[in-house]
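Q: Below is target.cif; it holds mmCIF, N, CA, C and O atoms.
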```cif
data_start
loop_
_atom_site.label_atom_id
_atom_site.label_comp_id
_atom_site.auth_asym_id
_atom_site.auth_seq_id
_atom_site.Cartn_x
_atom_site.Cartn_y
_atom_site.Cartn_z
N MET A 1 -13.81 -34.32 -35.38
CA MET A 1 -14.81 -33.71 -34.56
C MET A 1 -14.51 -33.87 -33.08
O MET A 1 -14.71 -32.96 -32.32
N ALA A 2 -14.01 -35.00 -32.73
CA ALA A 2 -13.68 -35.24 -31.33
C ALA A 2 -12.52 -34.37 -30.88
O ALA A 2 -12.45 -33.99 -29.73
N SER A 3 -11.61 -34.04 -31.81
CA SER A 3 -10.47 -33.24 -31.43
C SER A 3 -10.85 -31.78 -31.18
O SER A 3 -10.23 -31.11 -30.39
N SER A 4 -11.89 -31.26 -31.82
CA SER A 4 -12.27 -29.87 -31.61
C SER A 4 -13.00 -29.67 -30.29
O SER A 4 -12.98 -28.60 -29.72
N SER A 5 -13.65 -30.72 -29.79
CA SER A 5 -14.34 -30.59 -28.52
C SER A 5 -13.49 -31.04 -27.34
O SER A 5 -13.92 -30.97 -26.21
N SER A 6 -12.31 -31.52 -27.60
CA SER A 6 -11.43 -31.99 -26.55
C SER A 6 -10.83 -30.82 -25.78
O SER A 6 -10.25 -29.92 -26.38
N PRO A 7 -10.99 -30.80 -24.46
CA PRO A 7 -10.44 -29.69 -23.66
C PRO A 7 -8.92 -29.69 -23.61
O PRO A 7 -8.32 -28.67 -23.33
N SER A 8 -8.28 -30.83 -23.89
CA SER A 8 -6.82 -30.88 -23.82
C SER A 8 -6.15 -30.17 -24.99
O SER A 8 -5.00 -29.82 -24.92
N LEU A 9 -6.90 -29.96 -26.11
CA LEU A 9 -6.31 -29.30 -27.26
C LEU A 9 -6.38 -27.77 -27.18
O LEU A 9 -5.70 -27.09 -27.89
N SER A 10 -7.22 -27.25 -26.32
CA SER A 10 -7.31 -25.79 -26.18
C SER A 10 -6.43 -25.36 -25.01
O SER A 10 -6.79 -25.56 -23.86
N PRO A 11 -5.28 -24.81 -25.29
CA PRO A 11 -4.36 -24.41 -24.20
C PRO A 11 -4.91 -23.21 -23.45
O PRO A 11 -5.37 -22.24 -24.03
N SER A 12 -4.92 -23.34 -22.14
CA SER A 12 -5.35 -22.23 -21.29
C SER A 12 -4.32 -22.03 -20.19
O SER A 12 -4.19 -22.85 -19.30
N PRO A 13 -3.57 -20.98 -20.28
CA PRO A 13 -2.51 -20.74 -19.27
C PRO A 13 -3.11 -20.24 -17.96
O PRO A 13 -3.11 -19.06 -17.65
N LYS A 14 -3.68 -21.16 -17.19
CA LYS A 14 -4.31 -20.78 -15.93
C LYS A 14 -3.29 -20.27 -14.92
O LYS A 14 -3.58 -19.36 -14.17
N SER A 15 -2.13 -20.86 -14.91
CA SER A 15 -1.14 -20.43 -13.93
C SER A 15 -0.70 -19.00 -14.17
O SER A 15 -0.50 -18.23 -13.23
N SER A 16 -0.55 -18.58 -15.42
CA SER A 16 -0.15 -17.21 -15.69
C SER A 16 -1.28 -16.24 -15.40
O SER A 16 -1.05 -15.13 -14.93
N SER A 17 -2.53 -16.63 -15.67
CA SER A 17 -3.64 -15.73 -15.38
C SER A 17 -3.86 -15.59 -13.88
O SER A 17 -4.24 -14.54 -13.40
N VAL A 18 -3.60 -16.66 -13.14
CA VAL A 18 -3.71 -16.59 -11.67
C VAL A 18 -2.65 -15.66 -11.12
O VAL A 18 -2.92 -14.83 -10.25
N SER A 19 -1.42 -15.77 -11.63
CA SER A 19 -0.36 -14.89 -11.13
C SER A 19 -0.61 -13.45 -11.56
O SER A 19 -0.29 -12.52 -10.83
N ASP A 20 -1.19 -13.25 -12.76
CA ASP A 20 -1.54 -11.90 -13.20
C ASP A 20 -2.58 -11.29 -12.28
O ASP A 20 -2.49 -10.11 -11.91
N ASN A 21 -3.59 -12.07 -11.89
CA ASN A 21 -4.61 -11.58 -10.97
C ASN A 21 -4.01 -11.25 -9.61
O ASN A 21 -4.36 -10.26 -8.99
N ALA A 22 -3.09 -12.08 -9.14
CA ALA A 22 -2.44 -11.83 -7.86
C ALA A 22 -1.60 -10.56 -7.93
O ALA A 22 -1.58 -9.77 -6.98
N ASP A 23 -0.91 -10.36 -9.06
CA ASP A 23 -0.12 -9.14 -9.23
C ASP A 23 -1.02 -7.91 -9.24
O ASP A 23 -0.70 -6.90 -8.63
N LYS A 24 -2.15 -8.00 -9.94
CA LYS A 24 -3.07 -6.86 -10.00
C LYS A 24 -3.65 -6.56 -8.63
O LYS A 24 -3.77 -5.39 -8.25
N GLU A 25 -4.00 -7.61 -7.89
CA GLU A 25 -4.52 -7.41 -6.54
C GLU A 25 -3.46 -6.80 -5.63
O GLU A 25 -3.75 -5.91 -4.83
N GLY A 26 -2.23 -7.26 -5.78
CA GLY A 26 -1.13 -6.71 -4.99
C GLY A 26 -0.89 -5.25 -5.33
O GLY A 26 -0.64 -4.43 -4.44
N GLN A 27 -0.97 -4.91 -6.62
CA GLN A 27 -0.79 -3.53 -7.03
C GLN A 27 -1.92 -2.65 -6.52
O GLN A 27 -1.68 -1.54 -6.04
N GLN A 28 -3.15 -3.16 -6.57
CA GLN A 28 -4.28 -2.38 -6.07
C GLN A 28 -4.17 -2.17 -4.57
O GLN A 28 -4.47 -1.09 -4.06
N GLU A 29 -3.74 -3.20 -3.86
CA GLU A 29 -3.56 -3.08 -2.41
C GLU A 29 -2.49 -2.05 -2.09
O GLU A 29 -2.68 -1.20 -1.20
N LEU A 30 -1.37 -2.10 -2.81
CA LEU A 30 -0.30 -1.13 -2.58
C LEU A 30 -0.74 0.28 -2.93
O LEU A 30 -0.40 1.23 -2.23
N GLN A 31 -1.49 0.43 -4.02
CA GLN A 31 -1.99 1.75 -4.39
C GLN A 31 -2.92 2.30 -3.32
O GLN A 31 -2.90 3.50 -3.02
N GLY A 32 -3.73 1.43 -2.72
CA GLY A 32 -4.60 1.85 -1.61
C GLY A 32 -3.80 2.29 -0.40
O GLY A 32 -4.12 3.29 0.24
N LYS A 33 -2.74 1.54 -0.09
CA LYS A 33 -1.88 1.92 1.04
C LYS A 33 -1.17 3.24 0.76
O LYS A 33 -1.06 4.09 1.65
N ILE A 34 -0.70 3.40 -0.47
CA ILE A 34 -0.02 4.65 -0.84
C ILE A 34 -0.97 5.82 -0.68
O ILE A 34 -0.61 6.84 -0.11
N ARG A 35 -2.18 5.66 -1.17
CA ARG A 35 -3.18 6.74 -1.06
C ARG A 35 -3.48 7.04 0.41
O ARG A 35 -3.60 8.19 0.81
N GLY A 36 -3.57 6.00 1.24
CA GLY A 36 -3.82 6.20 2.67
C GLY A 36 -2.70 6.96 3.36
O GLY A 36 -2.95 7.84 4.19
N HIS A 37 -1.45 6.64 3.00
CA HIS A 37 -0.31 7.36 3.59
C HIS A 37 -0.29 8.81 3.12
O HIS A 37 0.02 9.72 3.90
N GLU A 38 -0.63 9.04 1.85
CA GLU A 38 -0.67 10.42 1.33
C GLU A 38 -1.73 11.23 2.05
O GLU A 38 -1.50 12.40 2.41
N VAL A 39 -2.89 10.64 2.30
CA VAL A 39 -3.97 11.33 3.01
C VAL A 39 -3.55 11.61 4.45
O VAL A 39 -3.78 12.71 4.98
N ALA A 40 -2.92 10.63 5.10
CA ALA A 40 -2.47 10.82 6.49
C ALA A 40 -1.46 11.96 6.58
O ALA A 40 -1.54 12.80 7.49
N ILE A 41 -0.52 12.02 5.64
CA ILE A 41 0.47 13.10 5.64
C ILE A 41 -0.22 14.45 5.44
O ILE A 41 0.09 15.42 6.14
N SER A 42 -1.15 14.49 4.52
CA SER A 42 -1.87 15.74 4.26
C SER A 42 -2.64 16.19 5.50
O SER A 42 -2.63 17.38 5.84
N GLU A 43 -3.30 15.27 6.16
CA GLU A 43 -4.05 15.63 7.36
C GLU A 43 -3.13 16.07 8.48
O GLU A 43 -3.43 17.03 9.21
N LEU A 44 -2.00 15.41 8.65
CA LEU A 44 -1.05 15.78 9.69
C LEU A 44 -0.47 17.17 9.44
O LEU A 44 -0.22 17.92 10.39
N GLU A 45 -0.24 17.50 8.17
CA GLU A 45 0.32 18.82 7.84
C GLU A 45 -0.64 19.96 8.14
O GLU A 45 -0.21 21.10 8.31
N HIS A 46 -1.92 19.67 8.24
CA HIS A 46 -2.90 20.72 8.48
C HIS A 46 -3.26 20.88 9.96
O HIS A 46 -4.12 21.68 10.30
N LEU A 47 -2.60 20.14 10.83
CA LEU A 47 -2.81 20.29 12.27
C LEU A 47 -1.92 21.40 12.82
O LEU A 47 -0.88 21.73 12.24
N GLN A 48 -2.32 21.93 13.96
CA GLN A 48 -1.50 22.94 14.61
C GLN A 48 -0.20 22.30 15.08
O GLN A 48 -0.20 21.18 15.59
N PRO A 49 0.94 23.00 14.94
CA PRO A 49 2.24 22.42 15.30
C PRO A 49 2.36 22.04 16.78
O PRO A 49 3.12 21.14 17.13
N SER A 50 1.62 22.69 17.65
CA SER A 50 1.73 22.40 19.08
C SER A 50 0.92 21.17 19.49
O SER A 50 1.05 20.70 20.61
N ARG A 51 0.15 20.65 18.59
CA ARG A 51 -0.72 19.52 18.91
C ARG A 51 0.05 18.20 18.81
O ARG A 51 0.84 17.98 17.91
N ALA A 52 -0.21 17.31 19.75
CA ALA A 52 0.39 15.98 19.72
C ALA A 52 -0.61 15.01 19.08
O ALA A 52 -1.82 15.22 19.12
N VAL A 53 -0.10 13.97 18.47
CA VAL A 53 -0.95 12.98 17.83
C VAL A 53 -0.59 11.60 18.37
O VAL A 53 0.47 11.40 18.95
N TYR A 54 -1.49 10.65 18.18
CA TYR A 54 -1.24 9.28 18.57
C TYR A 54 -1.03 8.45 17.31
O TYR A 54 -1.82 8.51 16.38
N GLN A 55 0.05 7.69 17.33
CA GLN A 55 0.39 6.87 16.17
C GLN A 55 0.44 5.41 16.61
O GLN A 55 1.04 5.07 17.63
N LYS A 56 -0.21 4.54 15.83
CA LYS A 56 -0.25 3.13 16.15
C LYS A 56 1.03 2.44 15.70
O LYS A 56 1.46 2.58 14.57
N SER A 57 1.63 1.70 16.61
CA SER A 57 2.81 0.91 16.31
C SER A 57 2.55 -0.49 16.86
O SER A 57 2.58 -0.70 18.07
N GLY A 58 2.27 -1.43 15.97
CA GLY A 58 1.85 -2.75 16.42
C GLY A 58 0.43 -2.67 16.94
O GLY A 58 -0.47 -2.26 16.22
N ASN A 59 0.24 -3.05 18.18
CA ASN A 59 -1.08 -2.97 18.81
C ASN A 59 -1.16 -1.84 19.82
O ASN A 59 -2.14 -1.74 20.55
N ILE A 60 -0.14 -0.99 19.88
CA ILE A 60 -0.06 0.05 20.89
C ILE A 60 -0.02 1.42 20.22
O ILE A 60 0.63 1.60 19.19
N PHE A 61 -0.70 2.38 20.82
CA PHE A 61 -0.65 3.76 20.33
C PHE A 61 0.36 4.55 21.15
O PHE A 61 0.39 4.46 22.38
N PHE A 62 1.19 5.32 20.46
CA PHE A 62 2.20 6.15 21.10
C PHE A 62 1.92 7.61 20.79
O PHE A 62 1.56 7.96 19.67
N ARG A 63 2.12 8.45 21.79
CA ARG A 63 1.96 9.89 21.59
C ARG A 63 3.23 10.43 20.95
O ARG A 63 4.34 10.20 21.44
N ARG A 64 3.06 11.14 19.85
CA ARG A 64 4.21 11.66 19.10
C ARG A 64 3.96 13.10 18.68
O ARG A 64 2.82 13.55 18.65
N SER A 65 5.03 13.76 18.29
CA SER A 65 4.87 15.09 17.71
C SER A 65 4.42 14.93 16.26
O SER A 65 4.56 13.86 15.66
N ILE A 66 3.89 15.98 15.70
CA ILE A 66 3.42 15.92 14.32
C ILE A 66 4.58 15.66 13.37
O ILE A 66 4.46 14.87 12.42
N LYS A 67 5.72 16.29 13.63
CA LYS A 67 6.89 16.09 12.75
C LYS A 67 7.33 14.64 12.73
O LYS A 67 7.66 14.09 11.67
N THR A 68 7.34 14.00 13.89
CA THR A 68 7.73 12.59 13.97
C THR A 68 6.72 11.70 13.24
O THR A 68 7.11 10.78 12.52
N ALA A 69 5.44 12.01 13.41
CA ALA A 69 4.40 11.22 12.74
C ALA A 69 4.48 11.39 11.22
O ALA A 69 4.33 10.42 10.47
N ILE A 70 4.73 12.61 10.75
CA ILE A 70 4.86 12.85 9.31
C ILE A 70 6.07 12.11 8.76
O ILE A 70 6.00 11.49 7.69
N ALA A 71 7.18 12.14 9.49
CA ALA A 71 8.39 11.44 9.03
C ALA A 71 8.14 9.94 8.94
O ALA A 71 8.57 9.29 7.97
N SER A 72 7.43 9.39 9.90
CA SER A 72 7.12 7.96 9.88
C SER A 72 6.20 7.61 8.71
O SER A 72 6.41 6.61 8.02
N GLU A 73 5.17 8.42 8.49
CA GLU A 73 4.26 8.18 7.37
C GLU A 73 4.99 8.32 6.03
O GLU A 73 4.74 7.56 5.11
N GLN A 74 5.90 9.28 5.94
CA GLN A 74 6.65 9.47 4.71
C GLN A 74 7.54 8.26 4.43
O GLN A 74 7.67 7.82 3.29
N LYS A 75 8.13 7.71 5.49
CA LYS A 75 8.96 6.53 5.33
C LYS A 75 8.13 5.34 4.84
O LYS A 75 8.53 4.61 3.93
N GLN A 76 6.95 5.16 5.42
CA GLN A 76 6.08 4.07 4.99
C GLN A 76 5.59 4.29 3.56
O GLN A 76 5.46 3.33 2.78
N LEU A 77 5.34 5.54 3.20
CA LEU A 77 4.93 5.87 1.84
C LEU A 77 6.03 5.54 0.84
O LEU A 77 5.78 4.93 -0.21
N ASP A 78 7.26 5.90 1.18
CA ASP A 78 8.40 5.60 0.29
C ASP A 78 8.59 4.09 0.12
O ASP A 78 8.86 3.61 -0.99
N LEU A 79 8.43 3.33 1.20
CA LEU A 79 8.56 1.88 1.12
C LEU A 79 7.47 1.27 0.24
O LEU A 79 7.73 0.38 -0.57
N ALA A 80 6.24 1.76 0.39
CA ALA A 80 5.14 1.24 -0.42
C ALA A 80 5.33 1.57 -1.90
O ALA A 80 5.08 0.74 -2.77
N LYS A 81 5.83 2.78 -2.19
CA LYS A 81 6.09 3.16 -3.58
C LYS A 81 7.21 2.31 -4.18
O LYS A 81 7.15 1.91 -5.34
N ALA A 82 8.22 2.00 -3.37
CA ALA A 82 9.32 1.15 -3.86
C ALA A 82 8.81 -0.26 -4.17
O ALA A 82 9.19 -0.85 -5.18
N ARG A 83 7.94 -0.79 -3.31
CA ARG A 83 7.36 -2.11 -3.57
C ARG A 83 6.51 -2.11 -4.83
O ARG A 83 6.55 -3.07 -5.61
N LEU A 84 5.76 -1.04 -5.04
CA LEU A 84 4.93 -0.95 -6.24
C LEU A 84 5.80 -0.88 -7.50
O LEU A 84 5.50 -1.54 -8.49
N GLN A 85 6.87 -0.11 -7.45
CA GLN A 85 7.79 -0.04 -8.60
C GLN A 85 8.42 -1.40 -8.86
O GLN A 85 8.61 -1.80 -10.01
N LYS A 86 8.73 -2.13 -7.80
CA LYS A 86 9.32 -3.45 -7.96
C LYS A 86 8.33 -4.40 -8.61
O LYS A 86 8.69 -5.20 -9.48
N LEU A 87 7.05 -4.32 -8.22
CA LEU A 87 6.02 -5.14 -8.85
C LEU A 87 5.83 -4.78 -10.31
O LEU A 87 5.63 -5.66 -11.16
N ASN A 88 5.87 -3.50 -10.63
CA ASN A 88 5.68 -3.05 -12.00
C ASN A 88 6.86 -3.44 -12.88
O ASN A 88 6.70 -3.63 -14.08
N ALA A 89 8.03 -3.58 -12.30
CA ALA A 89 9.23 -3.92 -13.08
C ALA A 89 9.23 -5.39 -13.49
O ALA A 89 9.87 -5.75 -14.46
N ILE A 90 8.52 -6.19 -12.76
CA ILE A 90 8.52 -7.65 -13.04
C ILE A 90 7.73 -7.97 -14.25
O ILE A 90 6.89 -7.52 -14.78
#
```
Rewrite the structure of this file - the entire thing - as structure tokens.
A:
Amino acid sequence: MASSSSPSLSPSPKSSSVSDNADKEGQQELQGKIRGHEVAISELEHLQPSRAVYQKSGNIFFRRSIKTAIASEQKQLDLAKARLQKLNAI
């Protein structure tokens, strides 16, 4: 009877569940970033070509052309997708 109520006999892999939760949170965060980059690209594509946009780099905003801003967002999107694939492969 004492052995059935003993917490040491019931194995609970807390370390694996903690890492699973961290992986899920990391995947959700990356999916949110991916969605944000996709929305930004879509919005930039619907602006007039002659219009300039401001893009944040660090703590400073820089005036850029739409093409440059789309290229930068696409690069960040590709990096985020690569990180997500790397997480899924593990």
Q: Quote the spacing between atom N of A:Ser57 and atom O of A:Gly36 in Å to one decimal place.
A: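 Value for the atom N of A:Ser57-atom O of A:Gly36 distance: 14.6 Å.
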Q: Applying the PyMOL selection byres (((chain A and resi 87 and name CA) around 12) and name CA) to the file I just gave you, which residues come out? Please list them as a ChimeraX atom specification.
A: /A:19-20,22-31,80-86,88-90
Q: To one decimal place, how far is atom CA of A:Ala52 from atom CA of A:Leu77 in Å?
A: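 Separating atom CA of A:Ala52 from atom CA of A:Leu77 is a distance of 21.0 Å.
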Q: Quick one, how far is atom C of A:His46 from atom CA of A:Thr68?
A: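 These atoms are spaced 14.3 Å apart.
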Q: Let me make sure I understand: among A:Ile34, A:Gly58, A:Val39, A:Arg63, which one has the smallest atom-to-atom distance to A:Gln76 if we use only N, CA, C and O atoms?
A: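 Once distances to A:Gln76 are computed over only N, CA, C and O atoms, the minimum belongs to A:Ile34.
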Q: Excluding A:Ile66 and its own-chain neighbours fewer than 3 positions away, which residues fall within 8 Å of it when counting only N, CA, C and O atoms? Please give them as a list in words.
A: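 That gives Ile41, Leu44, Glu45, Leu47, Gln48, Pro49, Ser50, Arg51, Ala52, Val53, Tyr54, Arg63, Ala69, Ile70, Ala71, Ser72 and Glu73 of chain A.
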Q: Just list the residues in stretch 26-76 of chain A DSSP gives strand (DSSP E or B) on the backbone, as number ranges by chain.
A: A: 52-57, 60-65
